[in-house]
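Peer 1: Below is structure-v5.csv; it holds CSV, C-alpha atoms.
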```
chain,number,residue,atom,x,y,z
A,1,MET,CA,43.5,57.3,33.3
A,2,ILE,CA,41.0,57.2,36.2
A,3,ARG,CA,38.1,59.6,36.6
A,4,VAL,CA,35.4,59.4,39.4
A,5,GLN,CA,32.7,61.9,38.7
A,6,ARG,CA,29.0,62.8,39.1
A,7,GLU,CA,28.6,63.9,35.5
A,8,ASP,CA,27.7,61.7,32.5
A,9,PHE,CA,30.4,61.0,29.8
A,10,ASP,CA,30.3,60.9,26.0
A,11,ILE,CA,31.5,57.4,25.0
A,12,GLY,CA,32.5,58.4,21.5
A,13,ARG,CA,34.5,61.4,22.6
A,14,GLU,CA,36.2,59.4,25.3
A,15,LEU,CA,37.2,56.5,23.0
A,16,GLU,CA,38.4,59.0,20.4
A,17,ALA,CA,40.6,60.8,23.0
A,18,LEU,CA,42.0,57.5,24.3
A,19,THR,CA,43.9,56.8,21.0
A,20,THR,CA,44.4,60.3,19.5
A,21,GLY,CA,48.0,60.7,18.3
A,22,ASN,CA,48.9,57.1,19.1
A,23,ARG,CA,49.5,55.1,15.9
A,24,SER,CA,50.7,52.0,17.8
A,25,VAL,CA,47.1,51.2,18.8
A,26,GLY,CA,45.5,48.4,16.7
A,27,GLY,CA,42.4,47.8,18.8
A,28,VAL,CA,40.2,49.4,21.4
A,29,CYS,CA,37.9,47.4,23.7
A,30,ALA,CA,35.2,49.1,25.8
A,31,PHE,CA,32.7,48.1,28.4
A,32,VAL,CA,29.8,50.4,29.4
A,33,GLY,CA,27.8,49.6,32.5
A,34,LEU,CA,24.2,50.9,32.6
A,35,VAL,CA,21.5,51.2,35.3
A,36,ARG,CA,18.8,48.5,34.7
A,37,ASP,CA,15.2,49.1,35.4
A,38,ILE,CA,14.7,45.9,37.3
A,39,ALA,CA,16.6,44.0,40.0
A,40,GLY,CA,15.3,40.5,40.7
A,41,ASP,CA,11.6,41.0,40.4
A,42,GLN,CA,11.5,44.6,41.6
A,43,ALA,CA,11.3,47.7,39.4
A,44,ILE,CA,14.0,50.2,40.0
A,45,ARG,CA,13.0,53.9,40.0
A,46,ALA,CA,16.5,55.2,40.6
A,47,MET,CA,19.9,54.3,42.1
A,48,THR,CA,22.3,56.2,44.3
A,49,LEU,CA,25.9,55.3,44.1
A,50,GLU,CA,27.9,56.1,47.3
A,51,HIS,CA,31.7,55.9,47.4
A,52,TYR,CA,34.7,56.4,49.6
A,53,PRO,CA,36.4,59.4,47.8
A,54,ALA,CA,39.8,59.1,49.4
A,55,MET,CA,40.0,55.4,48.6
A,56,THR,CA,38.2,55.1,45.3
A,57,GLU,CA,40.8,56.7,43.0
A,58,LYS,CA,43.6,54.9,44.9
A,59,ALA,CA,41.9,51.5,44.5
A,60,LEU,CA,41.1,52.1,40.8
A,61,ALA,CA,44.7,53.2,40.1
A,62,GLN,CA,46.0,50.0,41.7
A,63,ILE,CA,43.6,47.9,39.5
A,64,GLU,CA,44.7,49.9,36.4
A,65,ALA,CA,48.4,49.4,37.3
A,66,GLU,CA,47.8,45.6,37.7
A,67,ALA,CA,46.2,45.5,34.2
A,68,LYS,CA,49.2,47.4,32.7
A,69,ALA,CA,51.6,45.0,34.4
A,70,ARG,CA,49.8,42.0,32.9
A,71,TRP,CA,49.0,43.1,29.4
A,72,PRO,CA,50.9,45.2,26.8
A,73,LEU,CA,48.5,48.2,26.8
A,74,GLU,CA,48.9,51.5,25.0
A,75,ALA,CA,46.2,53.2,27.0
A,76,THR,CA,43.5,52.6,29.6
A,77,LEU,CA,40.5,54.5,30.8
A,78,VAL,CA,38.1,54.0,33.7
A,79,ILE,CA,35.3,56.5,34.4
A,80,HIS,CA,33.0,55.7,37.2
A,81,ARG,CA,30.0,57.8,38.2
A,82,TYR,CA,28.5,58.4,41.7
A,83,GLY,CA,25.4,60.1,42.9
A,84,ARG,CA,21.8,59.6,41.8
A,85,LEU,CA,21.2,57.7,38.5
A,86,GLU,CA,18.1,56.5,36.7
A,87,PRO,CA,17.4,53.4,34.5
A,88,GLY,CA,19.3,53.7,31.3
A,89,ASP,CA,22.0,56.0,32.7
A,90,ARG,CA,25.6,55.1,32.2
A,91,ILE,CA,27.5,54.1,35.4
A,92,VAL,CA,30.9,53.1,34.3
A,93,LEU,CA,33.2,53.1,31.2
A,94,VAL,CA,36.2,50.8,31.0
A,95,ALA,CA,38.3,51.1,27.8
A,96,THR,CA,41.6,49.5,26.9
A,97,ALA,CA,43.8,50.1,23.8
A,98,SER,CA,46.5,47.8,22.6
A,99,ALA,CA,48.5,46.8,19.5
A,100,HIS,CA,46.4,43.7,19.2
A,101,ARG,CA,42.8,42.8,20.2
A,102,GLN,CA,43.5,39.9,22.6
A,103,ALA,CA,45.3,42.1,25.2
A,104,ALA,CA,42.6,44.8,24.8
A,105,PHE,CA,39.7,42.3,25.3
A,106,GLU,CA,41.3,40.5,28.2
A,107,ALA,CA,42.4,43.6,30.0
A,108,CYS,CA,39.0,45.3,29.7
A,109,HIS,CA,37.3,42.1,31.1
A,110,PHE,CA,39.8,42.0,33.9
A,111,LEU,CA,39.4,45.7,34.8
A,112,ILE,CA,35.6,45.5,35.1
A,113,ASP,CA,35.7,42.2,37.0
A,114,TRP,CA,38.2,43.5,39.6
A,115,LEU,CA,36.6,46.9,39.8
A,116,LYS,CA,33.3,45.3,40.8
A,117,THR,CA,34.9,43.5,43.8
A,118,LYS,CA,37.6,46.0,44.9
A,119,ALA,CA,36.5,49.6,44.1
A,120,PRO,CA,34.6,51.1,47.2
A,121,PHE,CA,31.3,51.9,45.6
A,122,TRP,CA,27.9,50.9,47.0
A,123,LYS,CA,24.5,50.9,45.2
A,124,LEU,CA,21.3,52.0,46.9
A,125,GLU,CA,18.3,51.1,44.8
A,126,ASP,CA,15.0,53.1,45.1
A,127,THR,CA,12.1,50.6,44.7
A,128,ALA,CA,8.4,50.7,45.4
A,129,ASP,CA,9.2,49.0,48.8
A,130,GLY,CA,11.7,51.7,49.7
A,131,ALA,CA,15.5,52.1,49.4
A,132,GLN,CA,17.5,48.9,49.5
A,133,TRP,CA,21.3,48.4,49.5
A,134,VAL,CA,22.4,46.0,46.8
A,135,ASP,CA,24.0,42.9,48.1
A,136,ALA,CA,27.3,41.8,46.6
A,137,ARG,CA,26.9,38.8,44.3
A,138,ALA,CA,28.8,35.6,44.7
A,139,ALA,CA,29.1,35.5,40.9
A,140,ASP,CA,31.0,38.8,40.9
A,141,GLY,CA,33.5,37.3,43.4
A,142,ALA,CA,34.0,34.2,41.3
A,143,ALA,CA,34.4,36.4,38.1
A,144,ALA,CA,37.2,38.4,39.8
A,145,ALA,CA,38.8,35.3,41.4
A,146,ARG,CA,39.2,33.8,38.0
A,147,TRP,CA,41.9,36.3,37.3
A,148,LEU,CA,43.9,35.2,40.3
A,149,ASP,CA,44.5,31.8,38.8
A,150,PRO,CA,47.6,31.9,36.6
A,151,LYS,CA,46.4,28.8,34.8
A,152,ALA,CA,43.1,30.6,33.8
A,153,PRO,CA,43.0,30.6,30.0
A,154,ALA,CA,42.4,34.4,29.6
A,155,ALA,CA,44.8,35.7,32.2
A,156,PRO,CA,48.4,35.3,30.8
A,157,GLY,CA,47.9,37.9,28.0
A,158,LYS,CA,51.6,38.8,27.6
A,159,ALA,CA,52.7,35.2,27.3
A,160,ALA,CA,49.9,34.4,24.8
A,161,GLU,CA,50.7,37.3,22.4
B,1,MET,CA,41.9,57.8,65.1
B,2,LYS,CA,39.3,58.6,62.6
B,3,ILE,CA,36.6,56.0,61.9
B,4,LEU,CA,34.5,56.1,58.7
B,5,TYR,CA,31.3,54.1,57.9
B,6,PHE,CA,29.7,53.6,54.5
B,7,ALA,CA,26.4,52.4,53.0
B,8,TRP,CA,24.2,50.4,55.5
B,9,LEU,CA,27.0,50.4,58.1
B,10,ARG,CA,26.8,54.2,58.2
B,11,GLU,CA,23.0,54.0,58.5
B,12,ARG,CA,23.1,51.5,61.4
B,13,VAL,CA,25.9,53.4,63.3
B,14,GLY,CA,24.0,56.6,62.7
B,15,THR,CA,27.0,58.6,61.5
B,16,GLY,CA,29.5,58.5,58.6
B,17,ALA,CA,32.5,59.6,60.6
B,18,GLU,CA,33.7,59.9,64.1
B,19,GLU,CA,37.0,60.5,66.1
B,20,VAL,CA,37.7,57.9,68.7
B,21,ALA,CA,40.5,57.4,71.3
B,22,PRO,CA,40.4,53.8,72.3
B,23,PRO,CA,42.7,52.5,75.1
B,24,THR,CA,46.3,51.4,74.2
B,25,THR,CA,45.2,47.8,74.6
B,26,VAL,CA,43.3,48.2,71.3
B,27,ALA,CA,46.2,47.4,68.9
B,28,THR,CA,44.5,45.6,66.0
B,29,VAL,CA,41.5,46.1,63.7
B,30,GLY,CA,39.9,43.1,65.4
B,31,GLN,CA,40.4,44.6,68.9
B,32,LEU,CA,39.0,47.9,67.6
B,33,VAL,CA,35.9,46.1,66.2
B,34,ASP,CA,35.3,44.5,69.7
B,35,TRP,CA,35.8,47.8,71.4
B,36,LEU,CA,33.4,49.6,69.1
B,37,LYS,CA,30.8,46.7,69.5
B,38,ALA,CA,31.1,47.0,73.2
B,39,ARG,CA,29.7,50.6,72.9
B,40,GLY,CA,26.4,48.9,72.0
B,41,GLY,CA,23.5,50.5,70.1
B,42,GLY,CA,24.2,51.2,66.4
B,43,HIS,CA,27.8,50.1,66.6
B,44,ALA,CA,26.9,46.7,67.9
B,45,ARG,CA,24.2,46.2,65.2
B,46,ALA,CA,26.5,47.5,62.3
B,47,LEU,CA,29.4,45.3,63.3
B,48,ALA,CA,27.5,42.2,64.4
B,49,ASP,CA,28.3,40.0,61.5
B,50,PRO,CA,32.1,40.2,60.6
B,51,SER,CA,31.5,38.3,57.3
B,52,LEU,CA,29.5,41.3,56.0
B,53,VAL,CA,32.1,43.9,57.0
B,54,ARG,CA,35.2,45.0,55.0
B,55,VAL,CA,37.9,47.1,56.5
B,56,ALA,CA,40.4,49.6,55.1
B,57,VAL,CA,43.2,51.3,57.1
B,58,ASN,CA,44.5,54.4,55.4
B,59,GLN,CA,42.5,53.5,52.3
B,60,GLU,CA,44.0,50.0,51.9
B,61,TYR,CA,42.1,46.8,52.5
B,62,VAL,CA,43.3,44.9,55.6
B,63,THR,CA,42.3,41.9,57.7
B,64,LEU,CA,41.4,41.8,61.3
B,65,ASN,CA,44.9,41.3,62.6
B,66,HIS,CA,46.2,44.5,61.0
B,67,PRO,CA,47.6,47.0,63.5
B,68,VAL,CA,45.9,50.3,64.2
B,69,GLN,CA,47.4,53.4,65.8
B,70,PRO,CA,46.5,57.0,66.6
B,71,GLY,CA,46.2,59.1,63.4
B,72,ASP,CA,45.0,56.2,61.3
B,73,GLU,CA,41.9,56.5,59.1
B,74,ILE,CA,39.9,53.3,59.5
B,75,ALA,CA,36.9,52.6,57.3
B,76,PHE,CA,34.2,49.9,57.8
B,77,PHE,CA,31.9,49.1,54.9
B,78,PRO,CA,29.9,46.2,53.3
B,79,PRO,CA,31.2,44.2,50.3
B,80,VAL,CA,31.4,46.7,47.4
B,81,THR,CA,28.8,46.7,44.6
B,82,GLY,CA,30.0,49.2,42.0
B,83,GLY,CA,30.5,48.7,38.3
```
As structure tokens, please, write out the structure in this file.
Peer 2:
Amino acid sequence: MIRVQREDFDIGRELEALTTGNRSVGGVCAFVGLVRDIAGDQAIRAMTLEHYPAMTEKALAQIEAEAKARWPLEATLVIHRYGRLEPGDRIVLVATASAHRQAAFEACHFLIDWLKTKAPFWKLEDTADGAQWVDARAADGAAAARWLDPKAPAAPGKAAE
Amino acid sequence: MKILYFAWLRERVGTGAEEVAPPTTVATVGQLVDWLKARGGGHARALADPSLVRVAVNQEYVTLNHPVQPGDEIAFFPPVTGG
């Protein structure tokens, strides 16, 4: 399931709902992204997340479909917020449920890595020097590209089961 | 066709959305970029460095040789930074 929303979310409630009624699930893995109070050496007062509404859900659904094609998943959830957020606020929740932990761990890692380089969101940080758009990090591209290599140790989840 | 700009590209262009009607010789994304840059001003500044610009046609990532046609929604934006 994909949700793009301004509002906060309740992690416990979301994880509970993800597996309610499904006794095939043996493990749930979750990643929660938060707003840091510092970027480089600059204090962050707030952050505004802009996105491309018509494309965001489409892109996230494609990423989710790719995860489901690669791993035996019982359920997936991606919630991504937009709008103005402050340090400590939750930005994103990625959760995966599977019969076994390996698929849940790997698919969760894959989802957040690909989301960071493919979903059309942009962060504008509010600092003492004014508002600054966050630059994409080369490390994020490398983290996402790792999942393109079929020989990467973590990627072939289905075969490794 | 409808053109959308996001993040700092939107700020440099000075608008988030515009309708344009380029000549029929503009058949690809790359030709559209050149045509928009030729308008000068904010467009030229926003699109100056192609390595910093990502393009989506009808909400799908494409490269500069992708075709464009009337009725398309074409979005220009910097590398994404969500998550």
Peer 1: Using only C-alpha atoms, determine which residues lie at most 12 Å from stretch 39-41 of chain B, disregarding the query and same-chain residues fewer than 3 positions distant; provide the list as a list in words.
Peer 2: Arg12, Val13, Gly14, Val20, Pro22, Leu32, Val33, Asp34, Trp35, Leu36, Ala44, Arg45, Ala46, Leu47 and Ala48 of chain B
Peer 1: Provide as a PyMOL selection string the residues of chain B at most 6 Å from chain A, counting all atoms listed in the file.
Peer 2: chain B and resi 59+79-83
Peer 1: Taking into account all atoms listed in the file, which residue in the set A:Leu111, A:Pro72, A:Arg84, A:Thr20 is nearest to A:Leu60?
Peer 2: A:Leu111
Peer 1: Take the point (40.8, 50.7, 56.5) as written in the file and pick out every residue within 12 Å of it, counting all atoms listed in the file; give the list as a ChimeraX atom specification.
Peer 2: /A:52,54-55,120 /B:1-6,28-30,32-33,53-69,72-77
Peer 1: From the options A:Ile44, A:Val25, A:Ala103, A:Ile38, which residue's atoms come nearest to A:Asp129, counting only C-alpha atoms?
Peer 2: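 Result for the nearest residue to A:Asp129: A:Ile44.
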Peer 1: Could you add N, CA and C atoms to stretch 99-128 of chain A and give me the result as a compact mmCIF listing (two decimals), keeping the file's coordinate frame?
Peer 2:
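So the final result, stored in result.txt, reads:
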```txt
# COMPACT_ATOMS: atom_id res chain seq x y z
N ALA A 99 48.07 47.11 20.87
CA ALA A 99 48.50 46.80 19.50
C ALA A 99 47.57 45.76 18.88
N HIS A 100 47.16 44.80 19.73
CA HIS A 100 46.40 43.70 19.20
C HIS A 100 45.15 43.44 20.10
N ARG A 101 44.13 42.85 19.50
CA ARG A 101 42.80 42.80 20.20
C ARG A 101 42.82 41.92 21.43
N GLN A 102 43.64 40.85 21.44
CA GLN A 102 43.50 39.90 22.60
C GLN A 102 43.83 40.63 23.91
N ALA A 103 44.90 41.41 23.92
CA ALA A 103 45.30 42.10 25.20
C ALA A 103 44.17 43.13 25.53
N ALA A 104 43.61 43.80 24.52
CA ALA A 104 42.60 44.80 24.80
C ALA A 104 41.33 44.14 25.38
N PHE A 105 40.88 43.02 24.78
CA PHE A 105 39.70 42.30 25.30
C PHE A 105 39.93 41.82 26.72
N GLU A 106 41.05 41.13 26.91
CA GLU A 106 41.30 40.50 28.20
C GLU A 106 41.46 41.56 29.31
N ALA A 107 42.22 42.61 29.02
CA ALA A 107 42.40 43.60 30.00
C ALA A 107 41.15 44.36 30.40
N CYS A 108 40.29 44.59 29.41
CA CYS A 108 39.00 45.30 29.70
C CYS A 108 38.15 44.38 30.59
N HIS A 109 38.11 43.08 30.28
CA HIS A 109 37.30 42.10 31.10
C HIS A 109 37.87 42.09 32.52
N PHE A 110 39.18 42.01 32.63
CA PHE A 110 39.80 42.00 33.90
C PHE A 110 39.49 43.27 34.73
N LEU A 111 39.60 44.41 34.09
CA LEU A 111 39.40 45.70 34.80
C LEU A 111 37.96 45.77 35.38
N ILE A 112 36.96 45.39 34.60
CA ILE A 112 35.60 45.50 35.10
C ILE A 112 35.34 44.44 36.19
N ASP A 113 35.90 43.25 36.03
CA ASP A 113 35.70 42.20 37.00
C ASP A 113 36.35 42.61 38.37
N TRP A 114 37.56 43.14 38.32
CA TRP A 114 38.20 43.50 39.60
C TRP A 114 37.63 44.78 40.17
N LEU A 115 37.24 45.70 39.31
CA LEU A 115 36.60 46.90 39.80
C LEU A 115 35.36 46.59 40.63
N LYS A 116 34.57 45.62 40.13
CA LYS A 116 33.30 45.30 40.80
C LYS A 116 33.51 44.72 42.20
N THR A 117 34.67 44.13 42.45
CA THR A 117 34.90 43.50 43.80
C THR A 117 35.87 44.28 44.64
N LYS A 118 36.53 45.33 44.09
CA LYS A 118 37.60 46.00 44.90
C LYS A 118 37.33 47.53 45.02
N ALA A 119 36.71 48.17 44.06
CA ALA A 119 36.50 49.60 44.10
C ALA A 119 35.40 49.94 45.13
N PRO A 120 35.64 50.85 46.09
CA PRO A 120 34.60 51.10 47.20
C PRO A 120 33.46 51.95 46.71
N PHE A 121 32.53 51.27 45.98
CA PHE A 121 31.30 51.90 45.60
C PHE A 121 30.14 51.01 46.16
N TRP A 122 29.03 51.63 46.50
CA TRP A 122 27.90 50.90 47.00
C TRP A 122 26.61 51.45 46.32
N LYS A 123 25.73 50.51 45.86
CA LYS A 123 24.50 50.90 45.20
C LYS A 123 23.31 50.83 46.11
N LEU A 124 22.57 51.91 46.15
CA LEU A 124 21.30 52.00 46.90
C LEU A 124 20.18 52.10 45.89
N GLU A 125 19.32 51.06 45.82
CA GLU A 125 18.30 51.10 44.80
C GLU A 125 16.97 51.62 45.42
N ASP A 126 16.32 52.47 44.65
CA ASP A 126 15.00 53.10 45.10
C ASP A 126 13.93 52.27 44.40
N THR A 127 13.20 51.46 45.22
CA THR A 127 12.10 50.60 44.70
C THR A 127 10.80 51.05 45.32
N ALA A 128 9.71 50.41 44.86
CA ALA A 128 8.40 50.70 45.40
C ALA A 128 8.33 50.38 46.90
```
